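> Input structure: entry_7.cif, which contains mmCIF, C-alpha atoms.
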data_model
loop_
_atom_site.label_atom_id
_atom_site.label_comp_id
_atom_site.auth_asym_id
_atom_site.auth_seq_id
_atom_site.Cartn_x
_atom_site.Cartn_y
_atom_site.Cartn_z
CA MET U 1 132.30 132.93 113.77
CA ILE U 2 134.45 133.42 110.71
CA ARG U 3 133.23 136.27 108.54
CA LYS U 4 133.23 135.75 104.79
CA THR U 5 131.63 138.96 103.61
CA VAL U 6 133.22 141.29 101.11
CA ASP U 7 131.77 144.66 100.15
CA ASN U 8 131.10 144.16 96.49
CA VAL U 9 131.72 142.12 93.38
CA GLN U 10 135.06 143.82 92.66
CA GLU U 11 136.33 142.77 96.06
CA ALA U 12 134.88 139.28 95.61
CA LEU U 13 136.70 138.69 92.33
CA LYS U 14 140.10 139.93 93.51
CA GLY U 15 142.79 137.67 92.11
CA VAL U 16 141.11 136.52 88.90
CA GLN U 17 143.58 136.45 86.03
CA ASP U 18 144.00 135.53 82.38
CA GLY U 19 144.26 131.79 81.80
CA MET U 20 142.46 130.70 84.95
CA THR U 21 139.91 127.90 85.29
CA PHE U 22 136.51 128.83 86.70
CA MET U 23 133.48 126.85 87.80
CA LEU U 24 130.19 128.65 87.34
CA GLY U 25 126.95 127.44 88.88
CA GLY U 26 123.58 127.39 87.16
CA PHE U 27 121.47 125.26 84.86
CA GLY U 28 120.56 127.07 81.69
CA LEU U 29 120.05 130.62 82.92
CA CYS U 30 118.59 129.41 86.22
CA GLY U 31 120.71 130.17 89.28
CA ILE U 32 123.68 131.61 87.39
CA PRO U 33 126.09 134.03 89.12
CA GLU U 34 124.93 137.06 87.13
CA ASN U 35 127.00 139.58 89.07
CA ALA U 36 130.26 137.63 88.81
CA ILE U 37 129.78 137.11 85.07
CA ALA U 38 129.13 140.84 84.53
CA GLU U 39 132.31 141.66 86.45
CA LEU U 40 134.37 139.14 84.46
CA VAL U 41 133.12 140.83 81.29
CA ARG U 42 134.05 144.25 82.70
CA LEU U 43 137.53 143.07 83.73
CA GLY U 44 138.08 141.68 80.24
CA ILE U 45 140.34 138.86 81.39
CA LYS U 46 140.81 136.20 78.74
CA ASP U 47 141.98 132.68 77.85
CA LEU U 48 139.60 131.36 80.48
CA SER U 49 138.55 127.76 80.94
CA CYS U 50 134.99 127.60 82.18
CA ILE U 51 133.24 124.63 83.76
CA SER U 52 129.50 125.10 83.71
CA ASN U 53 126.55 122.93 82.76
CA ASN U 54 125.64 125.20 79.85
CA ALA U 55 127.18 128.09 78.01
CA GLY U 56 124.40 130.62 78.38
CA VAL U 57 122.49 132.11 75.46
CA ASP U 58 123.85 134.54 72.89
CA ASP U 59 123.28 137.67 74.97
CA PHE U 60 123.16 136.42 78.55
CA GLY U 61 124.99 134.22 81.02
CA LEU U 62 128.29 132.84 79.74
CA GLY U 63 127.24 134.00 76.27
CA LEU U 64 128.39 137.45 77.39
CA LEU U 65 131.96 136.16 77.89
CA LEU U 66 131.82 134.26 74.59
CA GLN U 67 130.83 137.42 72.74
CA LYS U 68 134.03 139.06 73.98
CA TYR U 69 136.15 135.99 73.14
CA GLN U 70 137.21 135.68 76.78
CA ILE U 71 136.70 131.92 76.92
CA LYS U 72 139.34 129.61 75.47
CA LYS U 73 137.88 126.35 76.69
CA MET U 74 134.36 125.41 77.68
CA ILE U 75 133.51 122.32 79.70
CA ALA U 76 129.76 121.72 79.68
CA SER U 77 127.11 119.04 79.24
CA TYR U 78 124.72 120.84 76.92
CA VAL U 79 125.41 123.80 74.68
CA GLY U 80 122.34 124.21 72.48
CA GLU U 81 120.53 127.55 72.53
CA ASN U 82 123.70 129.51 71.70
CA ASP U 83 124.55 130.35 68.08
CA GLU U 84 127.77 132.23 68.86
CA PHE U 85 128.98 129.26 70.87
CA GLU U 86 128.26 126.89 67.99
CA ARG U 87 130.02 129.20 65.55
CA GLN U 88 133.16 129.46 67.70
CA MET U 89 133.16 125.72 68.31
CA LEU U 90 132.76 124.71 64.65
CA SER U 91 135.41 127.24 63.55
CA GLY U 92 137.82 125.85 66.13
CA GLU U 93 138.23 129.15 68.00
CA LEU U 94 136.75 127.56 71.10
CA ASP U 95 137.92 124.33 72.68
CA VAL U 96 134.92 122.34 73.91
CA GLU U 97 134.83 119.37 76.25
CA LEU U 98 131.35 117.88 76.47
CA THR U 99 130.78 115.87 79.63
CA PRO U 100 127.71 113.94 80.80
CA GLN U 101 125.79 116.09 83.25
CA GLY U 102 125.93 113.70 86.18
CA THR U 103 129.66 113.22 85.61
CA LEU U 104 130.18 116.98 85.45
CA ALA U 105 128.33 117.46 88.74
CA GLU U 106 130.26 114.63 90.36
CA LYS U 107 133.64 115.92 89.11
CA CYS U 108 132.85 119.13 90.97
CA ARG U 109 131.59 117.34 94.04
CA ALA U 110 134.65 115.07 94.05
CA ALA U 111 136.90 118.14 94.07
CA GLN U 112 134.88 119.53 96.97
CA ALA U 113 134.96 116.27 98.92
CA GLY U 114 138.59 115.31 98.34
CA PHE U 115 138.18 112.44 95.90
CA PRO U 116 140.78 112.48 93.10
CA ALA U 117 138.58 110.37 90.82
CA PHE U 118 135.58 108.08 90.74
CA TYR U 119 134.03 105.39 88.56
CA THR U 120 130.77 106.02 86.74
CA PRO U 121 128.87 103.96 84.18
CA ALA U 122 128.01 107.10 82.18
CA GLY U 123 129.64 107.18 78.77
CA PHE U 124 131.02 103.65 78.77
CA GLY U 125 131.33 102.43 75.18
CA THR U 126 131.02 105.97 73.79
CA GLU U 127 133.60 108.50 72.60
CA ILE U 128 133.49 110.10 76.09
CA ALA U 129 135.31 107.05 77.46
CA GLU U 130 138.06 107.09 74.83
CA GLY U 131 141.50 107.10 76.45
CA LYS U 132 140.05 106.68 79.92
CA GLU U 133 140.58 103.78 82.27
CA THR U 134 137.60 101.44 82.47
CA ARG U 135 136.89 98.72 84.98
CA GLU U 136 134.29 96.10 85.73
CA PHE U 137 132.46 96.02 89.04
CA ASN U 138 129.80 93.36 89.68
CA GLY U 139 129.50 92.58 86.00
CA LYS U 140 129.01 96.17 84.85
CA MET U 141 131.51 98.45 83.14
CA TYR U 142 132.56 101.82 84.54
CA VAL U 143 134.72 104.73 83.39
CA LEU U 144 137.27 106.44 85.64
CA GLU U 145 136.61 110.18 85.77
CA LYS U 146 138.88 112.65 87.54
CA ALA U 147 137.90 115.49 89.86
CA TYR U 148 138.14 118.99 88.38
CA LYS U 149 140.73 121.49 89.49
CA ALA U 150 139.72 125.13 89.36
CA ASP U 151 140.99 128.49 90.58
CA PHE U 152 137.64 130.05 91.38
CA SER U 153 134.10 128.85 91.61
CA PHE U 154 131.30 131.38 91.26
CA VAL U 155 127.96 130.39 92.70
CA LYS U 156 124.65 132.10 93.25
CA ALA U 157 122.35 131.47 96.22
CA TRP U 158 119.03 132.85 97.38
CA LYS U 159 119.95 133.65 100.97
CA GLY U 160 123.30 133.68 102.70
CA ASP U 161 124.71 134.91 105.95
CA VAL U 162 127.97 136.61 106.85
CA ALA U 163 129.46 133.23 107.82
CA GLY U 164 129.03 132.08 104.21
CA ASN U 165 126.16 129.67 104.87
CA LEU U 166 123.89 129.33 101.84
CA ILE U 167 120.28 128.51 101.06
CA PHE U 168 119.04 128.07 97.50
CA LYS U 169 115.61 128.46 95.98
CA GLY U 170 113.88 125.90 93.77
CA THR U 171 115.88 124.45 90.91
CA ALA U 172 118.24 127.43 91.06
CA ARG U 173 120.16 125.13 93.40
CA ASN U 174 121.32 122.80 90.58
CA LEU U 175 125.14 122.65 90.33
CA ASN U 176 125.80 125.52 92.72
CA PRO U 177 126.23 123.43 95.89
CA CYS U 178 128.50 120.93 94.08
CA MET U 179 130.86 123.74 93.12
CA CYS U 180 131.18 125.25 96.60
CA GLY U 181 134.61 124.44 97.99
CA ALA U 182 135.54 122.69 94.75
CA ALA U 183 137.92 125.46 93.62
CA THR U 184 140.75 127.25 95.40
CA ILE U 185 138.46 130.22 96.07
CA THR U 186 134.67 129.98 96.17
CA VAL U 187 132.75 133.20 95.67
CA ALA U 188 129.05 133.22 96.54
CA GLU U 189 126.69 135.98 95.50
CA VAL U 190 123.29 136.07 97.18
CA GLU U 191 119.98 137.78 96.66
CA GLU U 192 119.76 138.42 100.36
CA LEU U 193 122.77 138.69 102.67
CA LEU U 194 121.74 138.31 106.30
CA PRO U 195 123.41 138.80 109.68
CA ALA U 196 124.78 135.78 111.50
CA GLY U 197 122.08 133.92 113.35
CA SER U 198 119.33 134.84 110.88
CA LEU U 199 119.39 131.50 109.13
CA ASP U 200 118.24 128.38 110.94
CA PRO U 201 121.22 125.96 111.02
CA ASN U 202 118.75 123.17 110.24
CA GLU U 203 117.91 124.76 106.92
CA ILE U 204 121.40 125.45 105.56
CA HIS U 205 122.11 123.82 102.18
CA VAL U 206 125.83 124.66 102.03
CA PRO U 207 127.84 125.27 105.19
CA GLY U 208 130.03 128.38 105.18
CA ILE U 209 133.25 126.37 105.37
CA PHE U 210 132.92 125.76 101.61
CA VAL U 211 132.60 129.47 100.84
CA LYS U 212 135.55 131.88 100.90
CA ARG U 213 133.84 135.15 99.96
CA ILE U 214 130.20 136.17 100.03
CA PHE U 215 128.58 139.37 98.84
CA GLN U 216 125.18 140.95 98.42
CA GLY U 217 124.31 140.66 94.73
CA LYS U 218 122.17 143.18 92.88
CA ASP U 219 120.04 143.79 89.80
CA TYR U 220 119.18 140.15 89.17
CA GLU U 221 117.55 139.74 85.82
CA LYS U 222 116.67 136.02 86.22
CA ARG U 223 115.80 135.46 82.59
CA ILE U 224 113.45 132.64 81.67
CA GLU U 225 114.58 130.55 78.71
CA GLN U 226 111.36 128.68 78.00
CA ARG U 227 108.29 130.39 79.36
CA THR U 228 105.72 127.59 79.43
CA VAL U 229 102.30 128.23 80.94
CA ARG U 230 98.80 126.80 80.96
CA GLN U 231 95.57 128.69 80.60
CA ARG U 232 93.44 129.34 83.65
CA ASN U 233 90.08 127.59 83.60
CA LYS U 234 87.51 129.95 82.20
CA MET G 235 99.79 105.43 62.61
CA LEU G 236 100.24 107.44 65.81
CA ASP G 237 101.11 111.10 66.20
CA LYS G 238 103.42 112.32 68.96
CA ASN G 239 100.60 112.48 71.48
CA GLY G 240 99.61 108.94 70.53
CA ILE G 241 103.12 107.70 71.23
CA ALA G 242 103.06 109.49 74.59
CA LYS G 243 99.66 108.02 75.36
CA ARG G 244 100.86 104.47 74.67
CA ILE G 245 103.99 104.96 76.79
CA ALA G 246 101.87 106.31 79.65
CA LYS G 247 100.47 102.78 80.00
CA GLU G 248 103.96 101.61 81.00
CA VAL G 249 103.94 103.91 84.02
CA LYS G 250 102.97 101.91 87.09
CA ASP G 251 101.75 102.88 90.54
CA GLY G 252 104.59 103.97 92.82
CA TYR G 253 107.00 104.80 90.00
CA TYR G 254 109.54 107.61 90.02
CA VAL G 255 109.86 108.61 86.37
CA ASN G 256 112.39 110.70 84.47
CA LEU G 257 111.05 112.22 81.26
CA GLY G 258 113.34 113.50 78.54
CA ILE G 259 112.73 116.45 76.27
CA GLY G 260 110.25 116.21 73.36
CA ILE G 261 107.70 113.38 73.09
CA PRO G 262 108.64 112.02 76.56
CA THR G 263 107.53 115.28 78.19
CA LEU G 264 104.03 114.68 76.79
CA VAL G 265 103.75 111.36 78.65
CA ALA G 266 102.94 113.21 81.89
CA ASN G 267 99.68 114.41 80.32
CA PHE G 268 98.39 110.85 79.85
CA VAL G 269 99.35 109.05 83.04
CA GLN G 270 96.25 107.68 84.80
CA GLU G 271 95.24 110.10 87.49
CA ASP G 272 94.64 107.48 90.18
CA LEU G 273 98.29 106.34 90.10
CA SER G 274 100.84 107.63 92.61
CA VAL G 275 103.68 108.71 90.36
CA GLU G 276 106.43 111.30 90.79
CA PHE G 277 108.27 112.94 87.92
CA GLN G 278 111.95 113.69 88.33
CA SER G 279 113.87 116.28 86.38
CA GLU G 280 117.62 115.88 86.49
CA ASN G 281 118.44 119.52 87.17
CA GLY G 282 117.11 118.86 90.66
CA VAL G 283 113.40 118.39 91.30
CA LEU G 284 111.17 115.49 92.21
CA GLY G 285 107.40 115.86 92.17
CA MET G 286 107.01 118.07 89.10
CA GLY G 287 103.54 119.32 88.31
CA PRO G 288 102.05 120.94 85.22
CA PHE G 289 103.15 124.24 83.70
CA PRO G 290 102.27 127.26 85.85
CA PHE G 291 99.27 129.46 85.15
CA GLU G 292 100.11 132.53 83.15
CA GLY G 293 101.62 135.10 85.51
CA ASP G 294 102.75 132.49 88.04
CA GLU G 295 105.99 131.56 86.24
CA ASP G 296 109.04 131.49 88.50
CA ALA G 297 112.50 131.75 86.88
CA ASP G 298 113.87 129.68 89.76
CA ILE G 299 111.60 126.69 89.11
CA ILE G 300 112.29 124.97 85.79
CA ASN G 301 112.69 121.46 84.37
CA ALA G 302 115.64 120.02 82.46
CA GLY G 303 114.16 121.44 79.25
CA LYS G 304 114.46 124.91 80.88
CA GLN G 305 110.68 125.21 80.87
CA THR G 306 108.89 126.90 83.75
CA ILE G 307 107.07 124.30 85.85
CA THR G 308 105.21 123.87 89.13
CA THR G 309 105.64 121.36 91.92
CA LEU G 310 103.04 119.12 93.56
CA ALA G 311 102.52 118.25 97.22
CA GLY G 312 105.43 116.09 98.38
CA ALA G 313 107.91 117.63 95.93
CA SER G 314 111.56 118.27 96.73
CA PHE G 315 114.49 120.22 95.32
CA PHE G 316 118.10 119.06 95.45
CA ASP G 317 121.48 119.66 93.86
CA SER G 318 122.51 118.05 90.59
CA ALA G 319 124.96 115.58 92.18
CA THR G 320 122.16 114.27 94.39
CA SER G 321 119.87 114.19 91.38
CA PHE G 322 122.25 112.00 89.42
CA GLY G 323 122.75 109.93 92.55
CA MET G 324 119.06 109.06 92.25
CA ILE G 325 119.60 108.13 88.61
CA ARG G 326 122.94 106.33 88.91
CA GLY G 327 121.83 104.60 92.09
CA GLN G 328 118.80 103.23 90.20
CA HIS G 329 116.24 104.84 92.50
CA VAL G 330 114.39 106.15 89.46
CA ASP G 331 112.10 103.38 88.18
CA LEU G 332 111.55 104.43 84.58
CA THR G 333 113.40 106.61 82.11
CA ILE G 334 111.71 107.76 78.92
CA LEU G 335 113.80 109.53 76.32
CA GLY G 336 114.03 110.35 72.65
CA ALA G 337 116.59 109.03 70.17
CA MET G 338 118.00 109.68 66.73
CA GLU G 339 118.97 106.02 66.29
CA VAL G 340 118.57 102.75 68.17
CA SER G 341 120.36 99.56 67.21
CA GLU G 342 119.05 96.01 67.50
CA ASN G 343 121.39 95.28 70.43
CA GLY G 344 120.00 98.24 72.39
CA ASP G 345 122.61 100.90 71.63
CA ILE G 346 121.27 104.43 71.46
CA ALA G 347 122.50 107.61 69.74
CA ASN G 348 120.89 110.95 70.50
CA TRP G 349 123.45 113.64 71.23
CA LYS G 350 125.53 114.50 68.22
CA ILE G 351 125.58 114.59 64.43
CA PRO G 352 129.26 115.05 63.56
CA GLY G 353 129.89 118.27 61.64
CA LYS G 354 126.23 119.27 61.79
CA MET G 355 124.76 119.36 65.22
CA VAL G 356 126.55 119.28 68.53
CA LYS G 357 124.33 120.24 71.40
CA GLY G 358 125.77 117.88 73.97
CA MET G 359 124.45 114.90 75.86
CA GLY G 360 123.14 116.73 78.92
CA GLY G 361 122.06 114.01 81.32
CA ALA G 362 121.30 111.40 78.66
CA MET G 363 124.54 109.40 79.03
CA ASP G 364 124.08 109.13 82.79
CA LEU G 365 120.46 108.14 82.35
CA VAL G 366 120.97 105.41 79.77
CA ALA G 367 124.04 103.96 81.49
CA SER G 368 122.26 103.72 84.81
CA ALA G 369 118.57 103.05 84.34
CA GLU G 370 117.30 99.48 84.29
CA ASN G 371 114.06 100.41 82.63
CA ILE G 372 114.47 102.61 79.58
CA ILE G 373 111.79 103.30 76.99
CA VAL G 374 112.68 105.17 73.83
CA ALA G 375 109.98 107.39 72.36
CA MET G 376 110.59 108.34 68.75
CA MET G 377 109.31 108.38 65.20
CA HIS G 378 110.11 105.14 63.37
CA THR G 379 111.87 106.99 60.55
CA ASN G 380 113.73 110.30 60.30
CA LYS G 381 112.69 113.31 58.24
CA ALA G 382 114.42 111.83 55.19
CA GLY G 383 112.30 108.70 55.58
CA GLU G 384 115.22 106.54 56.73
CA SER G 385 114.76 103.96 59.47
CA LYS G 386 115.89 104.93 62.96
CA LEU G 387 115.88 101.27 64.04
CA LEU G 388 119.17 99.95 62.76
CA LYS G 389 121.43 96.96 62.81
CA LYS G 390 124.15 99.24 64.11
CA CYS G 391 124.03 102.94 64.98
CA THR G 392 125.87 105.25 62.58
CA LEU G 393 125.94 108.29 64.90
CA PRO G 394 128.17 108.65 68.00
CA LEU G 395 126.67 106.54 70.77
CA THR G 396 125.03 107.80 73.94
CA GLY G 397 125.03 104.37 75.55
CA VAL G 398 125.54 100.71 74.72
CA GLY G 399 123.11 97.83 75.10
CA CYS G 400 120.75 99.80 77.29
CA VAL G 401 117.43 100.20 75.45
CA LYS G 402 114.80 97.60 76.28
CA LYS G 403 111.66 98.98 74.74
CA ILE G 404 110.82 101.36 71.90
CA VAL G 405 107.51 103.01 71.14
CA THR G 406 107.24 104.65 67.72
CA ASN G 407 104.46 106.02 65.56
CA LEU G 408 104.22 102.54 63.98
CA ALA G 409 104.92 100.00 66.69
CA VAL G 410 105.93 98.87 70.16
CA LEU G 411 109.13 96.85 70.04
CA GLU G 412 111.29 95.05 72.54
CA VAL G 413 115.04 94.66 72.17
CA ILE G 414 115.84 90.96 72.55
CA VAL G 415 118.79 88.81 71.55
CA GLY G 416 118.78 88.83 67.76
CA GLY G 417 116.82 92.00 67.05
CA PHE G 418 113.70 94.07 67.56
CA LYS G 419 110.76 91.94 68.61
CA LEU G 420 107.49 93.36 67.38
CA LEU G 421 105.06 93.50 70.31
CA GLU G 422 102.25 95.70 69.00
CA ARG G 423 101.26 97.46 65.80
CA ALA G 424 99.90 101.01 65.76
CA PRO G 425 96.24 101.17 64.71
CA GLY G 426 95.89 100.45 61.01
CA VAL G 427 99.58 99.69 60.47
CA SER G 428 100.54 96.38 58.84
CA ILE G 429 103.46 94.18 59.79
CA GLU G 430 104.73 94.67 56.27
CA SER G 431 104.95 98.44 56.57
CA ILE G 432 106.70 98.10 59.93
CA ARG G 433 109.16 95.70 58.33
CA ASN G 434 109.78 98.17 55.51
CA ALA G 435 110.48 100.97 57.98
CA THR G 436 112.83 98.86 60.13
CA SER G 437 116.35 98.49 58.85
CA GLY G 438 117.50 96.28 61.75
CA THR G 439 116.30 92.70 62.24
CA LEU G 440 112.57 92.58 62.96
CA ILE G 441 111.40 89.53 64.87
CA VAL G 442 107.73 88.67 64.36
CA GLU G 443 106.25 85.79 66.34
CA GLY G 444 102.65 84.72 65.95
CA ASP G 445 99.84 87.23 65.86
CA VAL G 446 100.92 90.77 66.63
CA PRO G 447 98.09 92.69 68.27
CA GLU G 448 97.12 96.22 67.43
CA MET G 449 97.96 98.57 70.29
CA LYS G 450 95.16 100.05 72.37
CA VAL G 451 95.50 103.79 72.85
#
The structure given in the file should be rewritten as structure tokens.

Amino acid sequence: MIRKTVDNVQEALKGVQDGMTFMLGGFGLCGIPENAIAELVRLGIKDLSCISNNAGVDDFGLGLLLQKYQIKKMIASYVGENDEFERQMLSGELDVELTPQGTLAEKCRAAQAGFPAFYTPAGFGTEIAEGKETREFNGKMYVLEKAYKADFSFVKAWKGDVAGNLIFKGTARNLNPCMCGAATITVAEVEELLPAGSLDPNEIHVPGIFVKRIFQGKDYEKRIEQRTVRQRNK
Amino acid sequence: MLDKNGIAKRIAKEVKDGYYVNLGIGIPTLVANFVQEDLSVEFQSENGVLGMGPFPFEGDEDADIINAGKQTITTLAGASFFDSATSFGMIRGQHVDLTILGAMEVSENGDIANWKIPGKMVKGMGGAMDLVASAENIIVAMMHTNKAGESKLLKKCTLPLTGVGCVKKIVTNLAVLEVIVGGFKLLERAPGVSIESIRNATSGTLIVEGDVPEMKV
């Protein structure tokens, strides 16, 4: 067995530098690598390019890095819910590349799986396709999209073992598996780090080969963006 | 004239037994409340869940179980979770039978705009571009006019496009329309709404053939 464990978040983020490109898992605030983000804020590294589905909210998630002006470029599919983001984008301080969500996921997965590019119908005929190669297959038009290149990917899982195998919970899975092994170094933080052999190989969502470093995360806040409930029958 | 729930109620009639359905944010989300209970239908949310149920009871919310609108949800028997690439594989691969989404503008050739107002509002397209480019069966749920009273059914969209030539059917507070060659074909009128008032609220070409029935909701 190849051990992937590191002692803590400091160890896990060794090598991060100004100007790097990061992938960060999560959808909204669900399944985001809270510990890695907190450490990036503490380290204060800047001029970062971040690939993530969203940009957090003003005071949580990637919003924490935006507050400190650590992000130079944001690649995301949806950036509502964040006033500071909007302000930095409209003032031109922040470079923003909006990408269809399925394309964003696939650009990560392509990097993981060794595809340099792929064709997708998403965005054909829109400004997203401007300057990109397009091609017809079976009478339908497609846009050529390239795989991302990133230095680190930061993902968050529910359970993991020392071999780096990961299991996610609910929709906190989202883009996390697509980003594993899609950057030079993949760092996984988990709610529960278990000894080898504790996880059933049949149940693994991401095999440890895609994970370089794994650590036991702590103090998860798991904020809910839209708390929607129904009343119990009286 | 219909309210938002009325629009959702009318669209619910388009949901057939055995359908996998993706519901967008806003009016589309309401459709789930009106689907006939005896139908076998599964709702997909593109962040990675199939078999969505209603909102959880107070106190049962789980931060790890949300829909694409970031709302806390529940799952029903037979539900599954998956990663976002797999989720869009379902969409792109046309395994999802029906997509219902909102729009700011629709043009008479089926173009749709719903992600950006240059200089004013840039929230991003989320999964909308993937959905409209891939789905065979797309229904747009929206008000017939915007807050300024201007028609949202146009000859040509003025806002940046989300997809081209993809919308087949539109349900608004005034009418049910089909996008056909040459314009918007009026299929049904909302209760108490005249063809004339629909014509006045439609800036694109409105095609009226024969008697147009009032919709049953």
> Ranking G:Thr396, G:Asn281, G:Thr439, G:Ser431 by minimum distance to G:Glu412 and counting all atoms listed in the file, which one comes first?
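Nearest candidate to G:Glu412 out of G:Thr396, G:Asn281, G:Thr439, G:Ser431: G:Thr439.
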> On this file, the PyMOL selection byres ((chain U) within 7 of (chain G)) gives some set of residues; write that set as a PDB file with C-alpha atoms, in the coordinates of the input.

ATOM      1  CA  PHE U  27     121.470 125.260  84.860  1.00  0.00           C
ATOM      2  CA  GLY U  28     120.560 127.070  81.690  1.00  0.00           C
ATOM      3  CA  CYS U  30     118.590 129.410  86.220  1.00  0.00           C
ATOM      4  CA  GLY U  31     120.710 130.170  89.280  1.00  0.00           C
ATOM      5  CA  SER U  77     127.110 119.040  79.240  1.00  0.00           C
ATOM      6  CA  TYR U  78     124.720 120.840  76.920  1.00  0.00           C
ATOM      7  CA  VAL U  79     125.410 123.800  74.680  1.00  0.00           C
ATOM      8  CA  GLY U  80     122.340 124.210  72.480  1.00  0.00           C
ATOM      9  CA  LEU U  98     131.350 117.880  76.470  1.00  0.00           C
ATOM     10  CA  PRO U 100     127.710 113.940  80.800  1.00  0.00           C
ATOM     11  CA  GLN U 101     125.790 116.090  83.250  1.00  0.00           C
ATOM     12  CA  GLY U 102     125.930 113.700  86.180  1.00  0.00           C
ATOM     13  CA  ALA U 105     128.330 117.460  88.740  1.00  0.00           C
ATOM     14  CA  GLU U 106     130.260 114.630  90.360  1.00  0.00           C
ATOM     15  CA  PRO U 121     128.870 103.960  84.180  1.00  0.00           C
ATOM     16  CA  ALA U 122     128.010 107.100  82.180  1.00  0.00           C
ATOM     17  CA  GLY U 123     129.640 107.180  78.770  1.00  0.00           C
ATOM     18  CA  PHE U 124     131.020 103.650  78.770  1.00  0.00           C
ATOM     19  CA  GLY U 125     131.330 102.430  75.180  1.00  0.00           C
ATOM     20  CA  THR U 126     131.020 105.970  73.790  1.00  0.00           C
ATOM     21  CA  LYS U 169     115.610 128.460  95.980  1.00  0.00           C
ATOM     22  CA  GLY U 170     113.880 125.900  93.770  1.00  0.00           C
ATOM     23  CA  THR U 171     115.880 124.450  90.910  1.00  0.00           C
ATOM     24  CA  ALA U 172     118.240 127.430  91.060  1.00  0.00           C
ATOM     25  CA  ARG U 173     120.160 125.130  93.400  1.00  0.00           C
ATOM     26  CA  ASN U 174     121.320 122.800  90.580  1.00  0.00           C
ATOM     27  CA  LEU U 175     125.140 122.650  90.330  1.00  0.00           C
ATOM     28  CA  PRO U 177     126.230 123.430  95.890  1.00  0.00           C
ATOM     29  CA  CYS U 178     128.500 120.930  94.080  1.00  0.00           C
ATOM     30  CA  LYS U 222     116.670 136.020  86.220  1.00  0.00           C
ATOM     31  CA  ARG U 223     115.800 135.460  82.590  1.00  0.00           C
ATOM     32  CA  ILE U 224     113.450 132.640  81.670  1.00  0.00           C
ATOM     33  CA  GLU U 225     114.580 130.550  78.710  1.00  0.00           C
ATOM     34  CA  GLN U 226     111.360 128.680  78.000  1.00  0.00           C
ATOM     35  CA  ARG U 227     108.290 130.390  79.360  1.00  0.00           C
ATOM     36  CA  THR U 228     105.720 127.590  79.430  1.00  0.00           C
ATOM     37  CA  VAL U 229     102.300 128.230  80.940  1.00  0.00           C
ATOM     38  CA  ARG U 230      98.800 126.800  80.960  1.00  0.00           C
ATOM     39  CA  GLN U 231      95.570 128.690  80.600  1.00  0.00           C
ATOM     40  CA  ARG U 232      93.440 129.340  83.650  1.00  0.00           C
TER      41      ARG U 232
END
> Record the distance separating atom CA of G:Ile404 and atom CA of G:Gly383, expressed in Å with one decimal.
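Interatomic distance, atom CA of G:Ile404 to atom CA of G:Gly383: 18.0 Å.
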> Neighbours of U:Gly114 within 12 Å (only C-alpha atoms; same-chain residues fewer than 6 positions away dropped), as a VMD selection string?
chain U and resid 106 to 108 146 to 149 181 to 183
> Let me make sure I understand: among U:Thr103, U:Asn165, U:Gln10, U:Gln112, which one has the smallest atom-to-atom distance to U:Pro207 if we use only C-alpha atoms?
U:Asn165
> Run the PyMOL selection byres ((chain U and resi 144) around 9) mentally over the shown coordinates, then write out the matched residues as number ranges by chain, using the chain letters and numbers from the document.
U: 117-121, 129, 132-135, 142-143, 145-146
> Quick one: apply the PyMOL selection byres ((chain G and resi 334) around 7) to the file and drop the selected residues here as a ChimeraX atom specification.
/G:256-258,262,332-333,335,372-375
> Smallest atom-to-atom distance to G:Ser437: which of G:Ser385, G:Thr379, G:Thr263, G:Thr392, using only C-alpha atoms?
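Selected residue with least distance to G:Ser437: G:Ser385.
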> For atom CA of U:Cys180 and atom CA of U:Lys4, determine how far apart the two atoms are, in Å to one decimal place.
13.5 Å
> What is the distance between atom CA of G:Gly336 and atom CA of G:Gln278, in Å to one decimal?
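Here the two named atoms are 16.2 Å from each other.
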> Do a neighbour search on G:Asp272 at 12 Å with all atoms listed in the file, toss out local chain neighbours closer than 6 positions, and write the hits as a PyMOL selection string.
chain G and resi 249-252
> Please determine the residues with any atom at most 12 Å from (141.2, 127.6, 95.9) (coordinates as given in the file, with all atoms listed in the file counting) and report them as a ChimeraX atom specification.
/U:15-16,20-23,111-112,148-154,179-187,210-213
> As a PyMOL selection string, please: the residues near U:Gly56 (cut-off 9 Å, all atoms listed in the file, same-chain neighbours under 3 positions excluded).
chain U and resi 27-29+59-64+79-82+85
> Filtering to C-alpha atoms, could stretch 143-157 of chain U of the supplied structure be written out as a compact mmCIF listing (two decimals), in the first residue's frame?

# COMPACT_ATOMS: atom_id res chain seq x y z
CA VAL U 143 -17.31 23.38 -29.62
CA LEU U 144 -13.76 22.20 -28.90
CA GLU U 145 -12.93 22.72 -25.24
CA LYS U 146 -9.49 22.09 -23.76
CA ALA U 147 -8.61 20.27 -20.55
CA TYR U 148 -7.54 22.48 -17.64
CA LYS U 149 -4.01 22.55 -16.34
CA ALA U 150 -3.59 23.22 -12.65
CA ASP U 151 -0.86 23.06 -10.01
CA PHE U 152 -2.99 21.87 -7.12
CA SER U 153 -6.49 20.58 -6.72
CA PHE U 154 -8.13 20.82 -3.31
CA VAL U 155 -11.00 18.46 -2.66
CA LYS U 156 -13.12 17.55 0.31
CA ALA U 157 -14.50 14.06 1.00
